[in-house]
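J.: Got a file for you: structure.cif, mmCIF, C-alpha atoms.
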data_final
loop_
_atom_site.label_atom_id
_atom_site.label_comp_id
_atom_site.auth_asym_id
_atom_site.auth_seq_id
_atom_site.Cartn_x
_atom_site.Cartn_y
_atom_site.Cartn_z
CA MET A 26 194.34 41.22 34.38
CA LYS A 27 193.90 42.48 30.83
CA LYS A 28 196.82 40.30 29.79
CA HIS A 29 195.20 37.18 31.27
CA LEU A 30 191.85 37.92 29.61
CA LEU A 31 193.55 38.41 26.26
CA THR A 32 195.38 35.10 26.64
CA ILE A 33 192.14 33.28 27.46
CA VAL A 34 190.33 34.85 24.51
CA ILE A 35 193.15 33.93 22.12
CA MET A 36 193.26 30.38 23.45
CA PHE A 37 189.50 29.95 22.97
CA GLY A 38 189.82 31.37 19.49
CA LEU A 39 192.64 29.03 18.56
CA THR A 40 190.78 26.03 19.97
CA ALA A 41 187.72 26.88 17.89
CA ALA A 42 189.82 27.41 14.79
CA VAL A 43 191.57 24.07 14.95
CA SER A 44 188.69 21.90 16.21
CA ALA A 45 187.15 19.30 13.98
CA GLU A 46 183.74 19.90 12.42
CA THR A 47 180.91 17.38 12.39
CA ILE A 48 178.64 17.61 9.36
CA ARG A 49 175.34 15.74 9.53
CA ALA A 50 173.40 15.48 6.29
CA THR A 51 170.00 13.98 5.66
CA VAL A 52 170.20 12.20 2.33
CA ASN A 53 167.56 10.75 0.01
CA GLY A 54 168.04 7.59 -2.04
CA MET A 55 170.29 5.56 0.28
CA VAL A 56 168.95 2.04 0.51
CA CYS A 57 171.75 -0.53 0.40
CA GLY A 58 175.32 -1.46 1.19
CA PHE A 59 176.56 -0.26 -2.18
CA CYS A 60 175.06 3.17 -1.47
CA ALA A 61 176.78 3.40 1.89
CA THR A 62 180.10 2.07 0.57
CA ALA A 63 180.06 4.55 -2.30
CA ILE A 64 179.42 7.47 0.06
CA GLU A 65 182.13 6.31 2.46
CA LYS A 66 184.72 5.90 -0.28
CA THR A 67 183.87 9.19 -1.96
CA PHE A 68 184.17 11.25 1.23
CA LYS A 69 187.19 9.41 2.60
CA LYS A 70 189.09 10.41 -0.54
CA GLN A 71 188.72 14.06 0.44
CA PRO A 72 191.77 15.47 2.24
CA GLU A 73 189.56 17.39 4.70
CA VAL A 74 187.77 14.28 5.95
CA ASN A 75 188.71 12.31 9.02
CA ALA A 76 185.75 9.93 9.35
CA VAL A 77 182.47 9.03 7.65
CA ASN A 78 179.46 7.22 9.01
CA VAL A 79 176.32 6.21 7.12
CA ASP A 80 173.06 5.43 8.88
CA LEU A 81 170.59 3.93 6.42
CA LYS A 82 167.76 3.78 8.93
CA ASP A 83 167.81 7.51 9.70
CA ARG A 84 169.06 8.50 6.19
CA LEU A 85 171.94 10.26 7.88
CA VAL A 86 175.51 10.75 6.65
CA THR A 87 177.91 12.04 9.31
CA VAL A 88 181.24 13.42 8.19
CA THR A 89 183.92 14.49 10.66
CA THR A 90 186.58 16.76 9.28
CA LYS A 91 190.20 17.05 10.30
CA PRO A 92 190.97 19.81 12.83
CA GLY A 93 190.75 23.25 11.33
CA GLN A 94 189.23 22.03 8.07
CA THR A 95 185.75 22.02 6.57
CA ILE A 96 183.71 21.07 3.51
CA ASP A 97 181.34 23.81 2.43
CA ASP A 98 177.75 23.07 1.44
CA PRO A 99 178.21 23.31 -2.36
CA LYS A 100 181.15 20.88 -2.29
CA PHE A 101 179.32 18.53 0.06
CA LYS A 102 176.25 18.49 -2.17
CA LYS A 103 178.35 18.01 -5.30
CA LEU A 104 180.18 15.04 -3.79
CA MET A 105 176.86 13.48 -2.83
CA THR A 106 175.41 14.11 -6.30
CA ASN A 107 178.46 12.52 -7.91
CA THR A 108 177.90 9.52 -5.71
CA GLY A 109 174.28 9.32 -6.83
CA TYR A 110 172.27 10.70 -3.92
CA SER A 111 170.46 13.90 -2.95
CA VAL A 112 171.13 16.05 0.09
CA VAL A 113 167.98 17.21 1.87
CA SER A 114 169.55 19.18 4.71
CA ILE A 115 172.91 19.84 6.34
CA ASP A 116 173.61 20.49 10.00
CA ARG A 117 177.02 21.48 11.35
CA SER A 118 178.60 21.42 14.78
CA LYS A 119 182.09 21.82 16.23
CA MET B 6 176.93 -16.81 -41.31
CA LYS B 7 174.68 -19.63 -40.17
CA THR B 8 171.51 -18.62 -38.45
CA THR B 9 172.16 -21.00 -35.57
CA THR B 10 175.64 -19.58 -35.10
CA PHE B 11 174.33 -16.09 -35.00
CA LEU B 12 171.50 -17.00 -32.66
CA SER B 13 174.00 -18.58 -30.31
CA VAL B 14 176.12 -15.47 -30.42
CA THR B 15 173.10 -13.27 -29.92
CA PHE B 16 171.86 -15.19 -26.90
CA LEU B 17 175.34 -15.33 -25.52
CA THR B 18 175.55 -11.59 -25.81
CA ILE B 19 172.30 -11.19 -23.95
CA PHE B 20 173.19 -13.54 -21.16
CA SER B 21 176.71 -12.31 -20.79
CA LEU B 22 175.37 -8.84 -20.05
CA GLN B 23 172.82 -9.67 -17.42
CA ILE B 24 173.15 -7.30 -14.52
CA GLU B 25 170.88 -7.77 -11.55
CA ALA B 26 172.25 -4.94 -9.45
CA LYS B 27 172.71 -1.42 -10.75
CA PRO B 28 175.10 -1.26 -13.72
CA LEU B 29 176.66 1.91 -12.32
CA SER B 30 178.49 2.64 -9.09
CA TYR B 31 179.83 6.07 -8.10
CA LEU B 32 182.19 8.51 -9.79
CA GLY B 33 185.58 6.80 -9.88
CA GLY B 34 184.16 3.54 -8.56
CA THR B 35 184.85 0.10 -9.97
CA MET B 36 182.67 -3.00 -9.80
CA VAL B 37 183.56 -6.58 -10.52
CA MET B 38 180.93 -9.27 -10.82
CA GLN B 39 180.64 -12.87 -11.74
CA GLU B 40 177.54 -14.78 -12.74
CA ASN B 41 177.06 -18.52 -13.00
CA ASP B 42 173.79 -19.85 -14.32
CA GLU B 43 172.40 -22.19 -16.94
CA THR B 44 174.05 -20.19 -19.71
CA GLY B 45 177.63 -20.39 -18.45
CA HIS B 46 180.09 -18.24 -16.56
CA THR B 47 180.47 -14.49 -16.86
CA LEU B 48 183.12 -12.19 -15.45
CA SER B 49 182.66 -8.45 -15.82
CA LEU B 50 184.37 -5.25 -14.80
CA ASP B 51 182.79 -1.77 -14.81
CA TYR B 52 184.34 1.62 -14.20
CA THR B 53 182.10 4.63 -13.54
CA PHE B 54 183.74 7.58 -15.26
CA THR B 55 180.97 10.19 -14.87
CA PRO B 56 178.13 10.31 -12.32
CA THR B 57 175.81 8.85 -14.97
CA GLU B 58 178.03 6.69 -17.20
CA ALA B 59 180.09 3.55 -16.79
CA PHE B 60 182.22 1.58 -19.16
CA GLY B 61 182.37 -2.18 -18.81
CA LEU B 62 184.03 -5.25 -20.18
CA TYR B 63 182.47 -8.69 -20.09
CA VAL B 64 184.02 -12.08 -20.65
CA LYS B 65 181.74 -15.07 -21.01
CA GLN B 66 182.39 -18.76 -21.34
CA GLU B 67 179.29 -20.60 -22.37
CA GLU B 68 178.55 -24.09 -21.13
CA ASN B 69 176.53 -26.87 -22.76
CA GLY B 70 179.38 -27.84 -25.06
CA LYS B 71 179.03 -24.86 -27.38
CA ASP B 72 182.49 -23.59 -26.54
CA ILE B 73 181.79 -19.93 -27.18
CA LEU B 74 184.05 -17.31 -25.68
CA MET B 75 182.89 -13.71 -25.74
CA LEU B 76 184.41 -10.31 -25.03
CA THR B 77 181.92 -7.45 -24.97
CA PRO B 78 182.55 -3.80 -24.14
CA GLU B 79 179.50 -1.78 -23.11
CA ILE B 80 178.40 1.68 -22.03
CA ASN B 81 175.94 1.92 -19.14
CA THR B 82 173.99 5.17 -18.85
CA LEU B 83 171.76 6.40 -16.06
CA ILE B 84 168.82 8.00 -17.88
CA LYS B 85 166.79 9.05 -14.86
CA ARG B 86 167.07 8.68 -11.11
CA TRP B 87 164.54 9.42 -8.40
CA ASN B 88 166.08 9.80 -4.95
CA LEU B 89 163.19 9.40 -2.53
CA PRO B 90 163.11 9.55 1.27
CA ASP B 91 162.62 5.79 1.56
CA GLY B 92 163.91 4.47 -1.73
CA GLN B 93 165.44 5.00 -5.11
CA GLY B 94 164.11 4.52 -8.63
CA ASN B 95 166.25 4.33 -11.76
CA ILE B 96 166.09 3.91 -15.48
CA PHE B 97 169.29 2.75 -17.15
CA ASN B 98 170.30 2.02 -20.69
CA MET B 99 173.05 -0.44 -21.48
CA SER B 100 174.31 -0.69 -25.04
CA GLY B 101 177.26 -2.25 -26.73
CA VAL B 102 178.98 -3.89 -29.60
CA GLY B 103 180.77 -7.12 -28.98
CA TRP B 104 182.67 -10.00 -30.49
CA ALA B 105 182.36 -13.71 -29.95
CA HIS B 106 184.77 -16.50 -30.79
CA TYR B 107 182.89 -19.54 -32.00
CA HIS B 108 184.31 -22.55 -33.85
CA GLY B 109 187.39 -20.63 -34.92
CA LYS B 110 185.46 -17.59 -36.13
CA ASP B 111 184.90 -14.13 -34.68
CA GLU B 112 181.33 -12.88 -34.94
CA PRO B 113 179.87 -9.41 -34.21
CA ALA B 114 176.88 -8.82 -31.92
CA LEU B 115 174.86 -5.64 -31.27
CA TRP B 116 172.47 -5.08 -28.40
CA THR B 117 170.71 -2.52 -26.24
CA ALA B 118 168.83 -2.97 -22.99
CA PHE B 119 166.86 -0.94 -20.47
CA LEU B 120 166.65 -1.54 -16.76
CA ALA B 121 163.97 0.05 -14.58
CA ASP B 122 164.17 -0.59 -10.88
CA TYR B 123 162.80 0.59 -7.58
CA GLU B 124 164.48 -0.33 -4.34
CA SER B 125 163.74 0.55 -0.74
CA ARG B 126 165.26 -1.04 2.33
CA ARG B 127 162.29 -3.44 2.32
CA TRP B 128 161.25 -3.89 -1.32
CA PHE B 129 162.95 -4.49 -4.63
CA LEU B 130 161.35 -4.42 -8.07
CA SER B 131 162.98 -4.50 -11.48
CA TYR B 132 162.12 -5.00 -15.11
CA GLU B 133 164.60 -5.36 -17.90
CA PRO B 134 163.89 -5.80 -21.60
CA ARG B 135 166.80 -6.51 -23.93
CA PHE B 136 166.90 -6.18 -27.67
CA THR B 137 169.48 -7.67 -29.96
CA TRP B 138 169.64 -7.65 -33.66
CA ASP B 139 171.64 -8.37 -36.73
CA VAL B 140 170.54 -6.54 -39.82
CA ASN B 141 170.54 -9.61 -42.03
CA ILE B 142 169.72 -12.50 -39.75
CA GLU B 143 167.99 -11.99 -36.46
CA LYS B 144 166.03 -9.67 -34.23
CA SER B 145 165.27 -10.90 -30.75
CA VAL B 146 163.79 -9.73 -27.47
CA TRP B 147 164.35 -11.08 -23.98
CA GLN B 148 162.94 -9.79 -20.73
CA ARG B 149 163.43 -10.29 -17.03
CA ALA B 150 161.45 -9.22 -13.97
CA ARG B 151 162.42 -9.53 -10.35
CA VAL B 152 160.71 -8.87 -7.05
CA GLY B 153 162.29 -9.03 -3.62
CA ILE B 154 161.58 -8.45 0.02
CA ALA B 155 163.94 -8.01 2.95
CA PRO B 156 162.57 -10.03 5.89
CA TYR B 157 164.41 -7.78 8.33
CA LEU B 158 166.01 -4.36 8.07
CA ALA B 159 169.71 -4.05 8.76
CA ASN B 160 172.26 -1.30 8.43
CA TYR B 161 174.87 -1.53 5.69
CA ASN B 162 177.60 -2.85 7.99
CA GLU B 163 175.38 -5.75 9.02
CA LEU B 164 174.33 -8.70 6.90
CA ASN B 165 171.33 -7.84 4.72
CA THR B 166 169.23 -10.72 3.43
CA TRP B 167 166.71 -10.63 0.60
CA LEU B 168 164.18 -13.19 -0.57
CA MET B 169 163.76 -12.75 -4.31
CA PHE B 170 161.88 -14.23 -7.21
CA GLN B 171 162.96 -13.80 -10.80
CA VAL B 172 161.22 -14.66 -14.06
CA ASP B 173 162.96 -14.71 -17.42
CA HIS B 174 161.08 -14.80 -20.69
CA HIS B 175 162.98 -16.01 -23.73
CA PRO B 176 160.58 -16.16 -26.71
CA SER B 177 163.18 -17.86 -28.89
CA LYS B 178 164.23 -20.55 -26.43
CA HIS B 179 162.75 -23.98 -25.91
CA ASP B 180 161.92 -23.06 -22.30
CA HIS B 181 160.13 -19.77 -22.82
CA PHE B 182 159.93 -19.04 -19.10
CA VAL B 183 162.53 -19.72 -16.44
CA ALA B 184 161.65 -18.92 -12.83
CA THR B 185 164.28 -18.57 -10.13
CA PRO B 186 163.63 -18.23 -6.42
CA LEU B 187 166.81 -16.89 -4.89
CA LEU B 188 168.49 -15.49 -1.83
CA ARG B 189 170.51 -12.29 -1.95
CA PHE B 190 173.03 -11.38 0.72
CA PHE B 191 174.46 -7.90 1.06
CA TYR B 192 177.29 -6.82 3.30
CA LYS B 193 178.83 -3.37 2.75
CA GLY B 194 180.15 -3.47 -0.82
CA TYR B 195 179.71 -7.22 -1.24
CA LEU B 196 176.72 -8.92 -2.84
CA PHE B 197 176.11 -12.66 -3.16
CA GLU B 198 173.14 -14.43 -4.73
CA VAL B 199 172.21 -18.07 -4.94
CA GLY B 200 169.09 -19.56 -6.51
CA TYR B 201 167.64 -22.61 -8.15
CA GLN B 202 166.17 -22.29 -11.63
CA THR B 203 163.18 -24.18 -12.98
CA ASP B 204 165.37 -25.59 -15.74
CA HIS B 205 167.34 -27.33 -12.96
CA HIS B 206 170.39 -25.07 -12.88
CA VAL B 207 171.89 -23.52 -9.80
CA MET B 208 172.43 -19.78 -10.10
CA VAL B 209 175.34 -18.21 -8.22
CA ASN B 210 176.19 -14.52 -8.65
CA TRP B 211 178.53 -12.24 -6.74
CA GLN B 212 179.49 -8.60 -7.03
CA ILE B 213 182.03 -6.38 -5.31
CA GLN B 214 182.14 -2.60 -5.42
CA PHE B 215 185.43 -0.94 -4.65
#
For the file at hand, write its structure as structure tokens.

T.:
Amino acid sequence: MKKHLLTIVIMFGLTAAVSAETIRATVNGMVCGFCATAIEKTFKKQPEVNAVNVDLKDRLVTVTTKPGQTIDDPKFKKLMTNTGYSVVSIDRSK
Amino acid sequence: MKTTTFLSVTFLTIFSLQIEAKPLSYLGGTMVMQENDETGHTLSLDYTFTPTEAFGLYVKQEENGKDILMLTPEINTLIKRWNLPDGQGNIFNMSGVGWAHYHGKDEPALWTAFLADYESRRWFLSYEPRFTWDVNIEKSVWQRARVGIAPYLANYNELNTWLMFQVDHHPSKHDHFVATPLLRFFYKGYLFEVGYQTDHHVMVNWQIQF
């Protein structure tokens, strides 16, 4: 029994470790296609990133990382600043 | 140097450097744009090498039989940016030193310009004064204002349409004021503008960010 429990715990742990992360950021200053294109291109250049979506209406940038990888808040904010926009808040989920 | 020659070069410099959209993209980004209006045809290329600075090259072929070809490098600097929940405001400076080929001669031209704009998904406002000078011959000022409204709101991967109105003031030209109602279309990193100017020229501009 203990062996089975240990296996289950390890499997859950491994699944969590290699799952992709979804980062949702509320961003100020995004108003046009050039803004969205710039954000997309900047984040897609990052090796950790799998997909990027920009929602101008809700001021939301959603970045999905590759399994087991992440972009920490300082790097995320720096990338956005380099692109010309300001991060208001960041929300993460697996 | 003849005053008329220099004035032609000066005006050519001004017109060749008109930028209606932001003169800066994103770090590592490149923009190419072409403008066609009453002054001639302009092709320009800008590379953003820091978050607040871009270097650009402009080539201009003037129409109206003056046969002036110009190559102008410039530095575009973001002086101040306001990132707001529903919009963005900017103040830019664009400055440069250029050369023009005119009747077998190469002539220098110096200029600086400021661009202040505010853009939301619904509204667009901009004002741009430009100053050019030559120590011995000419000092001139030109200014442009533009207002725009988006009749509907679309996301960036849909076609965005703007109704815009532009006024140019050229104190040294025969037509001091030129007004241009125009349409702007935006789709992702592609911008296209078409308008009709009160001096009976068709204006066509396009810009790609990549």

J.: What residues come out when you apply the PyMOL selection byres ((chain A) within 10 of (chain B)) to this file, written as number ranges by chain?

T.: A: 51-64, 66-67, 79-84, 104-113

J.: So that I can check the surroundings of Val209 of chain B, please list as a PyMOL selection string every protein, DNA and RNA residue that reaches within 9 Å of it, counting only C-alpha atoms and ignoring chain neighbours fewer than 5 positions away.

T.: chain B and resi 39-42+197-201

J.: Pick from B:His108, B:His46, B:Lys65, B:Arg151: nearest to Arg189 of chain B, with all atoms listed in the file counted?

T.: B:Arg151

J.: With the PyMOL selection byres ((chain B and resi 38) around 9) as the selection, what would be picked from this file? Answer as a PDB file with C-alpha atoms, in the coordinates of the input, please.

T.:
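Output saved as part-v8.pdb:
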ATOM      1  CA  ILE B  24     173.150  -7.300 -14.520  1.00  0.00           C
ATOM      2  CA  MET B  36     182.670  -3.000  -9.800  1.00  0.00           C
ATOM      3  CA  VAL B  37     183.560  -6.580 -10.520  1.00  0.00           C
ATOM      4  CA  GLN B  39     180.640 -12.870 -11.740  1.00  0.00           C
ATOM      5  CA  GLU B  40     177.540 -14.780 -12.740  1.00  0.00           C
ATOM      6  CA  THR B  47     180.470 -14.490 -16.860  1.00  0.00           C
ATOM      7  CA  LEU B  48     183.120 -12.190 -15.450  1.00  0.00           C
ATOM      8  CA  SER B  49     182.660  -8.450 -15.820  1.00  0.00           C
ATOM      9  CA  LEU B  50     184.370  -5.250 -14.800  1.00  0.00           C
ATOM     10  CA  ASP B  51     182.790  -1.770 -14.810  1.00  0.00           C
ATOM     11  CA  ASN B 210     176.190 -14.520  -8.650  1.00  0.00           C
ATOM     12  CA  TRP B 211     178.530 -12.240  -6.740  1.00  0.00           C
ATOM     13  CA  GLN B 212     179.490  -8.600  -7.030  1.00  0.00           C
ATOM     14  CA  ILE B 213     182.030  -6.380  -5.310  1.00  0.00           C
ATOM     15  CA  GLN B 214     182.140  -2.600  -5.420  1.00  0.00           C
TER      16      GLN B 214
END

J.: What does the distance between atom CA of Gly103 of chain B and atom CA of Val64 of chain B come to in Å, to one decimal place?

T.: 10.2 Å

J.: Which residues are close to segment 88-91 of chain A, i.e. within 9 Å by all atoms listed in the file, leaving aside same-chain residues fewer than 5 positions away? Reply as a list in words.

T.: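 The residues satisfying every condition are Val43, Ser44, Ala45, Glu46, Thr47, Ile48, Arg49, Ala50, Phe68, Pro72, Glu73, Val74, Asn75, Ala76, Val77, Asn78, Val79 and Ile96 of chain A.
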
J.: To one decimal in Å, tell me the separation between atom CA of Val146 of chain B and atom CA of Gly101 of chain B.

T.: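 For atom CA of Val146 of chain B relative to atom CA of Gly101 of chain B, the distance reads 15.4 Å.
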
J.: Atom CA of Met75 of chain B and atom CA of Glu112 of chain B, how far apart in Å?

T.: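 About the pair atom CA of Glu112 of chain B and atom CA of Met75 of chain B: they are 9.4 Å apart.
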
J.: Applied to the shown file, which residues does the PyMOL selection byres ((chain B and resi 148) around 9) return, written as a PyMOL selection string?

T.: chain B and resi 132-136+146-147+149-150+172-175

J.: For Pro28 of chain B, work out the shell of residues within 10 Å, counting only C-alpha atoms and skipping chain neighbours fewer than 5 positions away, then give it as a list of chain:residue names.

T.: B:Leu22, B:Gln23, B:Met36, B:Asp51, B:Tyr52, B:Thr53, B:Glu58, B:Ala59, B:Phe60, B:Gly61, B:Ile80, B:Asn81, B:Thr82, B:Leu83, B:Phe97, B:Asn98, B:Met99, B:Leu120

J.: Could you please take those selected residues and save C-alpha atoms as a PDB file, in the frame of the given file?

T.:
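Final output, saved to part.pdb:
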ATOM      1  CA  LEU B  22     175.370  -8.840 -20.050  1.00  0.00           C
ATOM      2  CA  GLN B  23     172.820  -9.670 -17.420  1.00  0.00           C
ATOM      3  CA  MET B  36     182.670  -3.000  -9.800  1.00  0.00           C
ATOM      4  CA  ASP B  51     182.790  -1.770 -14.810  1.00  0.00           C
ATOM      5  CA  TYR B  52     184.340   1.620 -14.200  1.00  0.00           C
ATOM      6  CA  THR B  53     182.100   4.630 -13.540  1.00  0.00           C
ATOM      7  CA  GLU B  58     178.030   6.690 -17.200  1.00  0.00           C
ATOM      8  CA  ALA B  59     180.090   3.550 -16.790  1.00  0.00           C
ATOM      9  CA  PHE B  60     182.220   1.580 -19.160  1.00  0.00           C
ATOM     10  CA  GLY B  61     182.370  -2.180 -18.810  1.00  0.00           C
ATOM     11  CA  ILE B  80     178.400   1.680 -22.030  1.00  0.00           C
ATOM     12  CA  ASN B  81     175.940   1.920 -19.140  1.00  0.00           C
ATOM     13  CA  THR B  82     173.990   5.170 -18.850  1.00  0.00           C
ATOM     14  CA  LEU B  83     171.760   6.400 -16.060  1.00  0.00           C
ATOM     15  CA  PHE B  97     169.290   2.750 -17.150  1.00  0.00           C
ATOM     16  CA  ASN B  98     170.300   2.020 -20.690  1.00  0.00           C
ATOM     17  CA  MET B  99     173.050  -0.440 -21.480  1.00  0.00           C
ATOM     18  CA  LEU B 120     166.650  -1.540 -16.760  1.00  0.00           C
TER      19      LEU B 120
END

J.: Can you save segment 45-62 of chain A of the given block to a file, including N, CA and C atoms and formatted as a PDB file, in the first residue's frame?

T.:
ATOM      1  N   ALA A  45       2.602  22.884 -18.290  1.00  0.00           N
ATOM      2  CA  ALA A  45       2.793  24.245 -18.784  1.00  0.00           C
ATOM      3  C   ALA A  45       2.153  25.245 -17.822  1.00  0.00           C
ATOM      4  N   GLU A  46       2.680  26.457 -17.820  1.00  0.00           N
ATOM      5  CA  GLU A  46       2.127  27.507 -16.972  1.00  0.00           C
ATOM      6  C   GLU A  46       1.431  28.549 -17.840  1.00  0.00           C
ATOM      7  N   THR A  47       0.292  29.019 -17.363  1.00  0.00           N
ATOM      8  CA  THR A  47      -0.412  30.098 -18.061  1.00  0.00           C
ATOM      9  C   THR A  47      -0.267  31.372 -17.242  1.00  0.00           C
ATOM     10  N   ILE A  48       0.304  32.389 -17.873  1.00  0.00           N
ATOM     11  CA  ILE A  48       0.522  33.675 -17.198  1.00  0.00           C
ATOM     12  C   ILE A  48      -0.423  34.693 -17.821  1.00  0.00           C
ATOM     13  N   ARG A  49      -1.288  35.272 -16.984  1.00  0.00           N
ATOM     14  CA  ARG A  49      -2.210  36.293 -17.479  1.00  0.00           C
ATOM     15  C   ARG A  49      -1.829  37.631 -16.857  1.00  0.00           C
ATOM     16  N   ALA A  50      -1.525  38.583 -17.720  1.00  0.00           N
ATOM     17  CA  ALA A  50      -1.097  39.899 -17.230  1.00  0.00           C
ATOM     18  C   ALA A  50      -2.041  40.983 -17.735  1.00  0.00           C
ATOM     19  N   THR A  51      -2.436  41.841 -16.818  1.00  0.00           N
ATOM     20  CA  THR A  51      -3.178  43.044 -17.216  1.00  0.00           C
ATOM     21  C   THR A  51      -2.154  44.125 -17.543  1.00  0.00           C
ATOM     22  N   VAL A  52      -2.310  44.715 -18.721  1.00  0.00           N
ATOM     23  CA  VAL A  52      -1.270  45.618 -19.233  1.00  0.00           C
ATOM     24  C   VAL A  52      -1.880  46.955 -19.644  1.00  0.00           C
ATOM     25  N   ASN A  53      -1.231  48.034 -19.255  1.00  0.00           N
ATOM     26  CA  ASN A  53      -1.660  49.374 -19.663  1.00  0.00           C
ATOM     27  C   ASN A  53      -0.932  49.827 -20.921  1.00  0.00           C
ATOM     28  N   GLY A  54      -1.642  50.580 -21.762  1.00  0.00           N
ATOM     29  CA  GLY A  54      -1.011  51.210 -22.928  1.00  0.00           C
ATOM     30  C   GLY A  54      -1.243  50.494 -24.242  1.00  0.00           C
ATOM     31  N   MET A  55      -1.862  49.325 -24.214  1.00  0.00           N
ATOM     32  CA  MET A  55      -2.083  48.580 -25.471  1.00  0.00           C
ATOM     33  C   MET A  55      -3.326  49.133 -26.162  1.00  0.00           C
ATOM     34  N   VAL A  56      -3.131  49.633 -27.377  1.00  0.00           N
ATOM     35  CA  VAL A  56      -4.281  50.215 -28.066  1.00  0.00           C
ATOM     36  C   VAL A  56      -4.426  49.774 -29.522  1.00  0.00           C
ATOM     37  N   CYS A  57      -3.381  49.195 -30.105  1.00  0.00           N
ATOM     38  CA  CYS A  57      -3.463  48.990 -31.565  1.00  0.00           C
ATOM     39  C   CYS A  57      -2.775  47.688 -31.990  1.00  0.00           C
ATOM     40  N   GLY A  58      -2.860  47.422 -33.278  1.00  0.00           N
ATOM     41  CA  GLY A  58      -2.252  46.219 -33.828  1.00  0.00           C
ATOM     42  C   GLY A  58      -0.750  46.183 -33.666  1.00  0.00           C
ATOM     43  N   PHE A  59      -0.103  47.342 -33.772  1.00  0.00           N
ATOM     44  CA  PHE A  59       1.348  47.368 -33.597  1.00  0.00           C
ATOM     45  C   PHE A  59       1.722  46.974 -32.166  1.00  0.00           C
ATOM     46  N   CYS A  60       0.897  47.427 -31.205  1.00  0.00           N
ATOM     47  CA  CYS A  60       1.161  47.075 -29.797  1.00  0.00           C
ATOM     48  C   CYS A  60       1.106  45.562 -29.641  1.00  0.00           C
ATOM     49  N   ALA A  61       0.029  44.977 -30.142  1.00  0.00           N
ATOM     50  CA  ALA A  61      -0.178  43.536 -29.981  1.00  0.00           C
ATOM     51  C   ALA A  61       0.900  42.740 -30.721  1.00  0.00           C
ATOM     52  N   THR A  62       1.236  43.172 -31.925  1.00  0.00           N
ATOM     53  CA  THR A  62       2.264  42.474 -32.699  1.00  0.00           C
ATOM     54  C   THR A  62       3.612  42.530 -31.980  1.00  0.00           C
TER      55      THR A  62
END
